[in-house]
$ cat coords35.txt   # compact mmCIF, C-alpha atoms
# COMPACT_ATOMS: atom_id res chain seq x y z
CA MET A 1 -24.38 13.15 -32.11
CA LYS A 2 -21.70 15.35 -30.55
CA LEU A 3 -20.22 13.53 -27.59
CA ILE A 4 -17.37 13.16 -25.14
CA PHE A 5 -15.87 9.74 -24.56
CA ALA A 6 -14.18 8.82 -21.27
CA GLY A 7 -12.24 5.57 -20.99
CA THR A 8 -8.79 4.09 -20.58
CA PRO A 9 -8.14 0.36 -21.29
CA GLU A 10 -8.70 -1.85 -24.32
CA PHE A 11 -12.30 -2.62 -23.26
CA ALA A 12 -13.09 1.08 -23.68
CA ALA A 13 -11.07 1.43 -26.89
CA VAL A 14 -13.29 -1.16 -28.59
CA ALA A 15 -16.36 0.94 -27.74
CA LEU A 16 -14.70 4.14 -28.94
CA GLN A 17 -13.84 2.51 -32.26
CA SER A 18 -17.48 1.44 -32.69
CA ILE A 19 -18.71 4.97 -31.92
CA ILE A 20 -16.28 6.51 -34.40
CA ALA A 21 -17.28 3.97 -37.07
CA ALA A 22 -20.95 4.82 -36.51
CA GLY A 23 -20.23 8.41 -37.56
CA HIS A 24 -20.68 10.25 -34.26
CA GLU A 25 -18.69 13.41 -33.62
CA VAL A 26 -16.31 12.60 -30.78
CA ALA A 27 -15.35 16.12 -29.78
CA LEU A 28 -13.13 15.20 -26.82
CA VAL A 29 -11.69 12.05 -25.26
CA LEU A 30 -10.90 11.78 -21.56
CA SER A 31 -8.37 9.16 -20.48
CA GLN A 32 -6.17 8.42 -17.50
CA PRO A 33 -2.72 10.06 -17.44
CA ASP A 34 0.08 8.06 -19.09
CA ARG A 35 1.52 5.40 -16.78
CA PRO A 36 4.96 3.74 -16.64
CA ALA A 37 4.86 0.22 -18.11
CA GLY A 38 7.04 -2.43 -19.74
CA ARG A 39 10.59 -3.48 -18.93
CA GLY A 40 11.91 0.07 -19.14
CA MET A 41 8.94 1.48 -17.18
CA SER A 42 8.61 4.28 -19.72
CA LEU A 43 5.39 6.27 -19.86
CA GLN A 44 2.76 4.53 -22.01
CA ALA A 45 -0.39 6.04 -23.49
CA SER A 46 -3.61 4.18 -22.78
CA PRO A 47 -5.30 2.21 -25.60
CA VAL A 48 -8.06 4.84 -25.66
CA LYS A 49 -5.62 7.73 -25.98
CA THR A 50 -3.68 5.94 -28.72
CA LEU A 51 -6.86 5.30 -30.72
CA ALA A 52 -8.16 8.83 -30.26
CA LEU A 53 -4.94 10.43 -31.44
CA SER A 54 -4.85 8.15 -34.49
CA HIS A 55 -8.21 9.66 -35.46
CA GLY A 56 -7.11 13.23 -34.74
CA ILE A 57 -9.35 13.55 -31.66
CA GLU A 58 -8.23 15.82 -28.81
CA VAL A 59 -7.32 13.94 -25.62
CA PHE A 60 -7.64 15.43 -22.13
CA GLN A 61 -5.99 13.62 -19.19
CA PRO A 62 -6.88 15.37 -15.93
CA LEU A 63 -5.87 13.90 -12.58
CA SER A 64 -9.36 14.71 -11.32
CA LEU A 65 -12.63 16.06 -12.64
CA LYS A 66 -13.34 17.78 -9.33
CA ASP A 67 -11.04 20.59 -10.43
CA ALA A 68 -12.92 23.66 -11.66
CA GLU A 69 -10.66 24.14 -14.69
CA ALA A 70 -11.15 20.52 -15.74
CA ARG A 71 -14.93 20.86 -15.50
CA LYS A 72 -14.76 24.11 -17.46
CA LYS A 73 -12.94 22.36 -20.32
CA VAL A 74 -15.52 19.54 -20.39
CA ALA A 75 -18.40 22.02 -20.29
CA ALA A 76 -16.94 24.06 -23.16
CA VAL A 77 -17.42 21.12 -25.55
CA GLY A 78 -21.20 21.42 -25.40
CA ALA A 79 -21.61 17.66 -25.79
CA GLU A 80 -25.06 16.10 -26.05
CA VAL A 81 -23.90 13.03 -24.12
CA MET A 82 -20.82 11.61 -22.44
CA VAL A 83 -20.05 7.90 -22.91
CA VAL A 84 -17.99 6.34 -20.11
CA ALA A 85 -16.29 2.94 -20.17
CA ALA A 86 -13.72 1.81 -17.59
CA TYR A 87 -12.46 5.37 -17.22
CA GLY A 88 -11.03 5.09 -13.72
CA LEU A 89 -12.00 8.50 -12.36
CA ILE A 90 -15.09 9.45 -10.36
CA LEU A 91 -17.39 11.83 -12.22
CA PRO A 92 -18.77 14.47 -9.82
CA GLN A 93 -22.43 15.41 -10.08
CA ALA A 94 -21.50 18.71 -11.74
CA VAL A 95 -19.98 16.73 -14.66
CA LEU A 96 -22.81 14.17 -14.78
CA ASP A 97 -25.26 17.04 -15.25
CA LEU A 98 -23.40 18.79 -18.09
CA PRO A 99 -24.52 16.93 -21.25
CA ARG A 100 -28.09 17.17 -22.51
CA TYR A 101 -28.57 13.39 -22.18
CA GLY A 102 -26.28 13.06 -19.18
CA CYS A 103 -23.54 10.43 -18.96
CA ILE A 104 -24.02 6.80 -19.96
CA ASN A 105 -21.78 3.97 -18.86
CA ILE A 106 -20.87 0.66 -20.52
CA HIS A 107 -20.72 -1.92 -17.72
CA GLY A 108 -19.63 -5.54 -18.21
CA SER A 109 -22.19 -7.35 -16.07
CA LEU A 110 -25.92 -7.93 -15.68
CA LEU A 111 -26.70 -5.23 -13.14
CA PRO A 112 -27.34 -5.15 -10.23
CA ARG A 113 -25.09 -8.23 -10.09
CA TRP A 114 -21.41 -7.34 -9.99
CA ARG A 115 -21.36 -3.61 -9.63
CA GLY A 116 -17.80 -2.34 -9.31
CA ALA A 117 -14.30 -2.74 -10.67
CA ALA A 118 -13.90 -6.44 -11.53
CA PRO A 119 -17.22 -7.83 -12.80
CA ILE A 120 -15.67 -10.29 -15.27
CA GLN A 121 -13.33 -11.92 -12.75
CA ARG A 122 -15.98 -12.08 -10.04
CA ALA A 123 -18.53 -13.69 -12.35
CA LEU A 124 -16.03 -16.43 -13.21
CA LEU A 125 -15.00 -16.99 -9.59
CA ALA A 126 -18.62 -17.32 -8.57
CA GLY A 127 -19.37 -19.91 -11.26
CA ASP A 128 -21.94 -17.74 -13.07
CA THR A 129 -23.25 -19.26 -16.28
CA GLN A 130 -23.98 -15.94 -17.96
CA THR A 131 -22.90 -12.34 -17.92
CA GLY A 132 -23.56 -9.43 -20.25
CA VAL A 133 -23.37 -5.70 -20.84
CA CYS A 134 -25.61 -2.97 -19.45
CA ILE A 135 -25.78 0.55 -20.79
CA MET A 136 -26.54 2.54 -17.66
CA GLN A 137 -27.51 6.15 -16.99
CA MET A 138 -24.83 7.31 -14.59
CA GLU A 139 -25.58 8.79 -11.18
CA ALA A 140 -23.50 9.52 -8.10
CA GLY A 141 -23.63 5.94 -6.69
CA LEU A 142 -21.30 3.11 -7.74
CA ASP A 143 -22.98 1.55 -10.79
CA THR A 144 -26.41 2.18 -9.26
CA GLY A 145 -28.01 4.09 -12.13
CA PRO A 146 -31.00 2.93 -14.16
CA VAL A 147 -30.40 0.65 -17.14
CA LEU A 148 -31.13 1.83 -20.70
CA LEU A 149 -30.16 -1.33 -22.64
CA CYS A 150 -28.92 -4.76 -21.66
CA SER A 151 -27.71 -7.86 -23.51
CA ASN A 152 -26.64 -11.28 -22.21
CA LEU A 153 -23.52 -13.32 -22.98
CA PRO A 154 -23.18 -16.98 -21.90
CA ILE A 155 -20.11 -18.04 -19.94
CA GLY A 156 -18.64 -21.26 -21.34
CA PRO A 157 -16.72 -23.88 -19.34
CA ASP A 158 -13.43 -22.83 -20.98
CA ASP A 159 -13.92 -19.07 -20.75
CA THR A 160 -11.21 -17.01 -19.09
CA THR A 161 -11.23 -13.36 -18.11
CA ALA A 162 -9.35 -12.73 -21.37
CA SER A 163 -11.94 -14.40 -23.59
CA LEU A 164 -14.91 -12.90 -21.74
CA HIS A 165 -13.29 -9.48 -21.87
CA ASP A 166 -13.09 -9.65 -25.66
CA GLY A 167 -16.68 -10.86 -26.01
CA LEU A 168 -18.04 -8.24 -23.65
CA ALA A 169 -15.99 -5.46 -25.24
CA ALA A 170 -17.43 -6.27 -28.67
CA LEU A 171 -20.94 -6.50 -27.22
CA GLY A 172 -20.47 -3.19 -25.42
CA GLY A 173 -19.44 -1.48 -28.64
CA THR A 174 -22.53 -2.75 -30.44
CA LEU A 175 -24.87 -1.91 -27.59
CA VAL A 176 -23.64 1.64 -26.99
CA VAL A 177 -24.02 2.51 -30.67
CA GLU A 178 -27.60 1.24 -30.50
CA ALA A 179 -28.22 3.29 -27.37
CA LEU A 180 -26.85 6.48 -28.93
CA ALA A 181 -29.10 6.00 -31.94
CA ARG A 182 -32.17 5.68 -29.72
CA LEU A 183 -31.63 8.41 -27.11
CA PRO A 184 -33.58 9.40 -25.11
CA LEU A 185 -34.33 5.87 -23.89
CA PRO A 186 -36.61 4.84 -21.03
CA ALA A 187 -34.54 4.08 -17.95
CA GLU A 188 -35.31 0.94 -15.94
CA PRO A 189 -34.34 1.23 -12.24
CA GLN A 190 -32.12 -1.59 -11.03
CA ALA A 191 -33.71 -4.23 -8.83
CA SER A 192 -33.06 -3.90 -5.12
CA GLU A 193 -32.55 -7.68 -4.85
CA GLY A 194 -29.48 -9.53 -6.11
CA VAL A 195 -27.00 -6.70 -5.61
CA THR A 196 -23.38 -7.89 -5.49
CA TYR A 197 -20.11 -5.94 -5.61
CA ALA A 198 -17.15 -6.88 -7.78
CA HIS A 199 -14.24 -5.65 -5.71
CA LYS A 200 -10.88 -5.29 -7.42
CA ILE A 201 -8.84 -8.50 -7.57
CA GLU A 202 -5.93 -8.29 -5.13
CA LYS A 203 -2.65 -10.10 -5.82
CA VAL A 204 -3.06 -12.26 -2.73
CA GLU A 205 -6.23 -13.69 -4.28
CA ALA A 206 -4.17 -15.20 -7.09
CA ARG A 207 -2.71 -17.82 -4.74
CA ILE A 208 -3.89 -21.38 -5.24
CA ASP A 209 -5.31 -23.08 -2.14
CA TRP A 210 -5.09 -26.80 -2.89
CA ALA A 211 -7.48 -27.55 -0.01
CA LYS A 212 -10.30 -26.09 -2.10
CA SER A 213 -12.26 -28.23 -4.54
CA ALA A 214 -11.02 -28.80 -8.09
CA LEU A 215 -14.18 -27.11 -9.43
CA VAL A 216 -13.40 -23.96 -7.46
CA LEU A 217 -9.75 -23.99 -8.56
CA ASP A 218 -10.76 -24.51 -12.20
CA ARG A 219 -12.77 -21.27 -11.98
CA HIS A 220 -9.94 -19.60 -10.07
CA VAL A 221 -7.36 -20.32 -12.79
CA ARG A 222 -9.68 -18.99 -15.49
CA ALA A 223 -10.67 -15.88 -13.52
CA VAL A 224 -7.09 -14.64 -13.01
CA ASN A 225 -6.03 -15.35 -16.61
CA PRO A 226 -4.41 -13.15 -17.93
CA CYS A 227 -3.79 -11.05 -14.83
CA PRO A 228 -2.31 -11.68 -12.34
CA GLY A 229 -2.21 -15.43 -13.13
CA ALA A 230 -2.91 -18.27 -10.69
CA GLN A 231 0.05 -18.49 -8.31
CA ALA A 232 1.33 -21.81 -6.90
CA SER A 233 4.60 -22.96 -5.41
CA LEU A 234 6.58 -26.14 -6.06
CA GLY A 235 9.65 -26.84 -3.95
CA GLY A 236 9.72 -23.20 -2.93
CA GLN A 237 9.75 -22.05 -6.57
CA SER A 238 6.95 -19.86 -7.90
CA VAL A 239 4.84 -21.43 -10.66
CA LYS A 240 1.84 -19.96 -12.47
CA LEU A 241 -0.98 -22.17 -13.68
CA TRP A 242 -2.61 -20.95 -16.89
CA ARG A 243 -4.89 -23.79 -17.95
CA ALA A 244 -6.51 -26.46 -15.83
CA THR A 245 -9.74 -28.44 -15.61
CA ALA A 246 -11.49 -30.24 -12.79
CA GLN A 247 -11.69 -34.03 -12.79
CA ALA A 248 -12.91 -36.72 -10.44
CA GLY A 249 -10.36 -38.38 -8.18
CA GLN A 250 -8.75 -38.09 -4.80
CA GLY A 251 -5.39 -38.07 -3.07
CA GLU A 252 -3.22 -36.18 -0.63
CA VAL A 253 -3.87 -32.46 -1.09
CA GLY A 254 -1.34 -30.83 -3.43
CA GLN A 255 0.22 -34.13 -4.51
CA ILE A 256 0.87 -34.97 -8.16
CA LEU A 257 -1.11 -38.15 -8.84
CA ALA A 258 -0.23 -38.64 -12.51
CA VAL A 259 2.01 -37.13 -15.19
CA ASP A 260 1.57 -37.46 -18.95
CA ARG A 261 2.26 -35.41 -22.07
CA LYS A 262 -0.82 -33.28 -21.65
CA HIS A 263 -1.55 -32.98 -17.94
CA LEU A 264 -0.33 -32.98 -14.38
CA LEU A 265 -3.07 -34.39 -12.17
CA VAL A 266 -2.95 -32.69 -8.77
CA ALA A 267 -5.09 -33.72 -5.81
CA CYS A 268 -7.32 -31.04 -4.31
CA GLY A 269 -9.53 -30.89 -1.24
CA GLU A 270 -12.17 -32.46 -3.44
CA GLY A 271 -11.43 -33.87 -6.87
CA VAL A 272 -8.34 -33.48 -9.04
CA LEU A 273 -7.04 -30.52 -11.05
CA ALA A 274 -5.66 -31.46 -14.48
CA VAL A 275 -3.07 -28.76 -15.20
CA SER A 276 -2.15 -28.37 -18.87
CA GLU A 277 -0.20 -25.09 -19.07
CA LEU A 278 2.35 -23.71 -16.58
CA GLN A 279 4.97 -21.00 -16.26
CA LYS A 280 8.05 -20.95 -14.07
CA ALA A 281 9.15 -17.61 -12.64
CA GLY A 282 11.10 -15.76 -15.33
CA GLY A 283 10.10 -18.30 -17.99
CA LYS A 284 7.48 -18.60 -20.69
CA ARG A 285 4.00 -20.09 -20.57
CA LEU A 286 4.41 -23.69 -21.67
CA PRO A 287 2.22 -26.74 -22.28
CA VAL A 288 2.95 -29.54 -19.83
CA GLN A 289 5.14 -31.57 -22.20
CA GLN A 290 7.52 -28.64 -22.81
CA PHE A 291 7.46 -27.59 -19.16
CA LEU A 292 8.47 -31.09 -18.05
CA ALA A 293 11.44 -31.09 -20.44
CA GLY A 294 13.14 -28.49 -18.27
CA ASN A 295 11.41 -29.23 -15.00
CA PRO A 296 11.14 -32.98 -14.48
CA LEU A 297 8.27 -33.87 -12.16
CA LYS A 298 7.07 -37.26 -11.04
CA VAL A 299 4.15 -38.89 -9.30
CA GLY A 300 4.40 -38.19 -5.59
CA ASP A 301 5.90 -34.73 -5.90
CA ARG A 302 3.82 -32.18 -4.07
CA PHE A 303 2.93 -28.55 -4.55
CA ASP A 304 3.59 -26.42 -1.48
CA LEU A 305 0.43 -25.84 0.55
CA SER A 306 1.37 -22.26 1.36
CA ILE A 307 3.24 -19.56 -0.56
$ encode --input "coords35.txt" --output "structure tokens"
Amino acid sequence: MKLIFAGTPEFAAVALQSIIAAGHEVALVLSQPDRPAGRGMSLQASPVKTLALSHGIEVFQPLSLKDAEARKKVAAVGAEVMVVAAYGLILPQAVLDLPRYGCINIHGSLLPRWRGAAPIQRALLAGDTQTGVCIMQMEAGLDTGPVLLCSNLPIGPDDTTASLHDGLAALGGTLVVEALARLPLPAEPQASEGVTYAHKIEKVEARIDWAKSALVLDRHVRAVNPCPGAQASLGGQSVKLWRATAQAGQGEVGQILAVDRKHLLVACGEGVLAVSELQKAGGKRLPVQQFLAGNPLKVGDRFDLSI
């Protein structure tokens, strides 16, 4: 099948690799413009652009697809379908209508739950026990289109956004190849009940509120791993928490109740958070034993209640 692929981050690159491996003709790849990144803030190509160029595929990086010249370039391909995955630009109706089979999207949730930009993080924060991937026929609304294929993925008690991302990316690659092989597929309208929106995670949401329960903070730490990382403060110094689990117990909120080689036990509004991996500002992520070697903490020390 002759197609256009539109995507930007690693999640999308996994799907593009699967499509290429399946033998489809990827005639054009759309990706976000290069962005400054790294210590030197030099312009960096997206994972999708890097992969496409390594396979000799033309890459087009318009600032908008509302521009007539951009739409003309997309139309000139004569693609049978456009596959979209975490692209980052709105596709106007004129673009959605161009390919014979329209535009299909790889979305990392079980629609209509968690439409929007951050479905993985929101599923973890909410304590969902499963997520999945939907292949959706795109329309003008935000992730409102009918579903062509769907597959579930369980969320384990140790899953982070990083681990779920990798699982969902692999699942999305498998599912979109199946969908392409079976087009045209019957489209199932999304249910009107159970609609939730996965708004983008803001940096302020990374802050730990020790007055919350340990169960909620356990999910919080996993949801913002790897980005932006759960933010706490100890003696006015910024500390990120990377791994933690909820345990029974009680004490003064934010206070360290016990210290051993593997954990710091910190009292929460309900229960205790056993922190096992931390990072001081400007330092490396460290297991508790190594962290304590340079940052001695003792029972009775207390995390700041506000940042």
$ residues_around --input "coords35.txt" --residues "Arg122 of chain A" --least-positions-apart "5" --cutoff "12 Å" --atoms "only C-alpha atoms" --output "list of chain:residue names"
A:Gly108, A:Ser109, A:Arg113, A:Trp114, A:Arg115, A:Gly116, A:Ala117, A:Gly127, A:Asp128, A:Thr129, A:Gln130, A:Thr131, A:Thr160, A:Thr161, A:Leu164, A:Thr196, A:Tyr197, A:Ala198, A:His199, A:Lys200, A:Ile201, A:Glu202, A:Glu205, A:Arg219, A:His220, A:Arg222, A:Ala223, A:Val224
$ residues_around --input "coords35.txt" --residues "segment 78-94 of chain A" --least-positions-apart "3" --cutoff "8 Å" --atoms "only C-alpha atoms" --output "ChimeraX atom specification"
/A:1-9,11-12,15,27,30-32,64-66,71,74-75,97-107,139-140
$ closest_residue --input "coords35.txt" --among "A:Ser306, A:Gln61, A:Gln255, A:Ser233" --to "Leu278 of chain A" --atoms "only C-alpha atoms"
A:Ser233
$ atom_distance --input "coords35.txt" --atom1 "atom CA of Ser192 of chain A" --atom2 "atom CA of Ile120 of chain A"
21.1 Å
$ axis_aligned_box --input "coords35.txt" --around "segment 115-122 of chain A" --padding-each-side "3 Å" --output "JSON"
{"center_x": -17.3, "center_y": -7.2, "center_z": -12.3, "size_x": 14.0, "size_y": 15.7, "size_z": 12.0}
$ closest_residue --input "coords35.txt" --among "A:Leu111, A:Leu124, A:Ala230, A:Ala169" --to "Gln190 of chain A" --atoms "all atoms listed in the file"
A:Leu111
$ atom_distance --input "coords35.txt" --atom1 "atom CA of Val253 of chain A" --atom2 "atom CA of Ser213 of chain A"
10.0 Å
$ residues_near_point --input "coords35.txt" --point "(1.5, -31.7, -19.8)" --cutoff "7 Å" --atoms "all atoms listed in the file" --output "ChimeraX atom specification"
/A:260-264,276-277,287-289
$ closest_residue --input "coords35.txt" --among "A:Asp304, A:Glu270, A:Glu25, A:Glu58" --to "Gln237 of chain A" --atoms "only C-alpha atoms"
A:Asp304
$ closest_residue --input "coords35.txt" --among "A:Gly194, A:Pro33, A:Pro119, A:Pro226" --to "Ala162 of chain A" --atoms "all atoms listed in the file"
A:Pro226
